[in-house]
Amino acid sequence: LICAGRSFPAHRTVLVARSPVFRAEFVASVPNSSSPSCRGSPAAASPGRASPAEAPGREFRISAASNHEAVQLLLDFVYELGNTHTPSLPNEIVKDVLRLADMYKLPGLTQHAAAWLCKDATTDDILERMSVCRDFGLDTLRSKLLEALHANKTALKQIVTDPKVLQYPELMQSLLKQVAGPQPESDPEPDDEPKAPSKKKAKKGSGTGRGKK
C-alpha cells in the first residue's frame, strides 16, 4: 500500500479477509487468480478508492488519506497488532482513519478512531471534534462531548462566546440549548367554556319530606 510517498508492505490474504472492499479490489485486479500469468496484470482504478500501480499490479495507492500514519493504523488494526490503543492523535490523522474505515468497511476501526477523537479534548479543538462527529455520523460520541461540556459551565460559556463557533451553526444551536438548560413545561391552557355544575343525586329516604307517619 502506498500513501503520501510512503510504502507499507501487507499480505493480500490478510487484507482480503478483513475487508470486503479490499477483496473486491483485488479480485478486480486479478481476473483469474488461479492463473499465475494473470497476477501481474494491472486494473483500472476506481475513483476515490485504492488503485493498483502501473507496474506489477501488487502496489495499491491510497488516495483517500493525506497522512501516511492513517494507513499504518489501518494495517495495525487488520493485523490485530494492538497499536490502535494509542493515547491521542491529531484530528487530521483521525479524520483520515475515519475515511479509510468507512471506505474499506471496517466498523471496528471506526470505533477506535472515535475513542481517539474523544481523548484529551480541549476548549480549543472541541468544536472541530464535534464537527468531525457530525460529518462521520458519530452521534453517540457527539452527545457525550455535549454532555461533558454541559457539566463544565465555564468551558461551555467560553466556547459559546468564541467567534469560531459561528463557523458551525448547527453546533452553535446545540451549545446554546445546553447553556439554556431544559425548558420548563408549559401549563395547560384553561378551558374557556364554563362547565355546568354536576347534579348530586338525592339519597333515598333523605330530604324534607320523610313520609307520613
# chains A, B, ... in the order shown; residues from 1 in each chain; ligands from 1
$ closest_atom_pairs --of "range 128-162 of chain A" --to "range 98-106 of chain A" --cutoff "12 Å" --atoms "only C-alpha atoms" --output "JSON lines"
{"residue": "A:Val132", "atom": "CA", "partner": "A:Leu98", "partner_atom": "CA", "distance": 9.3}
{"residue": "A:Cys133", "atom": "CA", "partner": "A:Leu98", "partner_atom": "CA", "distance": 10.0}
{"residue": "A:Asp135", "atom": "CA", "partner": "A:Leu98", "partner_atom": "CA", "distance": 10.1}
{"residue": "A:Phe136", "atom": "CA", "partner": "A:Leu98", "partner_atom": "CA", "distance": 7.4}
{"residue": "A:Gly137", "atom": "CA", "partner": "A:Leu98", "partner_atom": "CA", "distance": 10.4}
{"residue": "A:Leu138", "atom": "CA", "partner": "A:Leu98", "partner_atom": "CA", "distance": 10.3}
$ residues_around --residues "Leu15 in chain A" --least-positions-apart "5" --cutoff "12 Å" --atoms "only C-alpha atoms" --output "PyMOL selection string"
chain A and resi 1+9-10+20-27+60+74-80+104-106
$ write_last_selection --atoms "C-alpha atoms" --output "PDB file, in the first residue's frame"
ATOM      1  CA  LEU A   1       0.000   0.000   0.000  1.00  0.00           C
ATOM      2  CA  PRO A   9       4.024  -3.945   2.868  1.00  0.00           C
ATOM      3  CA  ALA A  10       0.965  -6.076   3.528  1.00  0.00           C
ATOM      4  CA  PRO A  20     -14.872  -6.812   1.581  1.00  0.00           C
ATOM      5  CA  VAL A  21     -13.738  -3.739  -0.342  1.00  0.00           C
ATOM      6  CA  PHE A  22     -10.125  -4.928  -0.492  1.00  0.00           C
ATOM      7  CA  ARG A  23     -11.484  -8.291  -1.593  1.00  0.00           C
ATOM      8  CA  ALA A  24     -13.401  -6.701  -4.461  1.00  0.00           C
ATOM      9  CA  GLU A  25     -10.423  -4.546  -5.443  1.00  0.00           C
ATOM     10  CA  PHE A  26      -8.023  -7.481  -5.581  1.00  0.00           C
ATOM     11  CA  VAL A  27     -10.488  -9.650  -7.475  1.00  0.00           C
ATOM     12  CA  PHE A  60      -2.138  -0.054  -4.333  1.00  0.00           C
ATOM     13  CA  LEU A  74      -5.306   0.687   9.368  1.00  0.00           C
ATOM     14  CA  LEU A  75      -2.716  -2.076   8.957  1.00  0.00           C
ATOM     15  CA  ASP A  76      -2.211  -2.285  12.731  1.00  0.00           C
ATOM     16  CA  PHE A  77      -5.940  -2.877  13.001  1.00  0.00           C
ATOM     17  CA  VAL A  78      -6.289  -5.518  10.291  1.00  0.00           C
ATOM     18  CA  TYR A  79      -3.229  -7.374  11.644  1.00  0.00           C
ATOM     19  CA  GLU A  80      -4.569  -7.010  15.209  1.00  0.00           C
ATOM     20  CA  TYR A 104     -12.950  -0.247   3.459  1.00  0.00           C
ATOM     21  CA  LYS A 105     -15.953  -1.157   5.638  1.00  0.00           C
ATOM     22  CA  LEU A 106     -14.065  -1.599   8.909  1.00  0.00           C
TER      23      LEU A 106
END
$ residues_around --residues "range 154-164 of chain A" --least-positions-apart "2" --cutoff "10 Å" --atoms "only C-alpha atoms" --output "list in words"
Thr122, Thr123, Asp124, Asp125, Ile126, Leu127, Glu128, Leu146, Ala148, Leu149, His150, Ala151, Asn152, Leu166, Gln167, Tyr168, Leu171, Met172, Gln173, Leu175, Leu176, Gln178 and Val179 of chain A
$ closest_residue --among "A:Leu145, A:Val71, A:Leu81, A:Ile93" --to "Cys118 in chain A" --atoms "only C-alpha atoms"
A:Leu145
$ atom_distance --atom1 "CA of Ser63 in chain A" --atom2 "CA of Val14 in chain A"
20.5 Å
$ select_by_dssp --residues "range 136-169 of chain A" --states "helix (DSSP H, G or I)" --output "list in words"
Asp139, Thr140, Leu141, Arg142, Ser143, Lys144, Leu145, Leu146, Glu147, Ala148, Leu149, His150, Ala151, Lys153, Thr154, Ala155, Leu156, Lys157, Gln158, Ile159, Val160, Pro163, Lys164, Val165, Leu166, Gln167 and Pro169 of chain A
$ residues_around --residues "Leu117 in chain A" --least-positions-apart "4" --cutoff "9 Å" --atoms "only C-alpha atoms" --output "PDB file with C-alpha atoms, in the first residue's frame"
ATOM      1  CA  SER A  88      -4.212  10.522  21.397  1.00  0.00           C
ATOM      2  CA  LEU A  89      -3.825  11.581  17.781  1.00  0.00           C
ATOM      3  CA  PRO A  90      -4.086  14.845  15.831  1.00  0.00           C
ATOM      4  CA  ASN A  91      -7.562  15.430  14.464  1.00  0.00           C
ATOM      5  CA  VAL A  94      -8.174  10.704  12.985  1.00  0.00           C
ATOM      6  CA  LYS A  95     -10.248  12.060  10.102  1.00  0.00           C
ATOM      7  CA  HIS A 112     -11.029   3.039  17.624  1.00  0.00           C
ATOM      8  CA  ALA A 113     -10.993   6.367  15.793  1.00  0.00           C
ATOM      9  CA  ALA A 121     -10.382  17.201  24.119  1.00  0.00           C
ATOM     10  CA  ARG A 129     -14.098  17.348  17.081  1.00  0.00           C
ATOM     11  CA  VAL A 132     -15.966  15.540  12.743  1.00  0.00           C
ATOM     12  CA  CYS A 133     -18.578  13.577  14.692  1.00  0.00           C
ATOM     13  CA  LEU A 141     -19.737  10.477  20.680  1.00  0.00           C
TER      14      LEU A 141
END
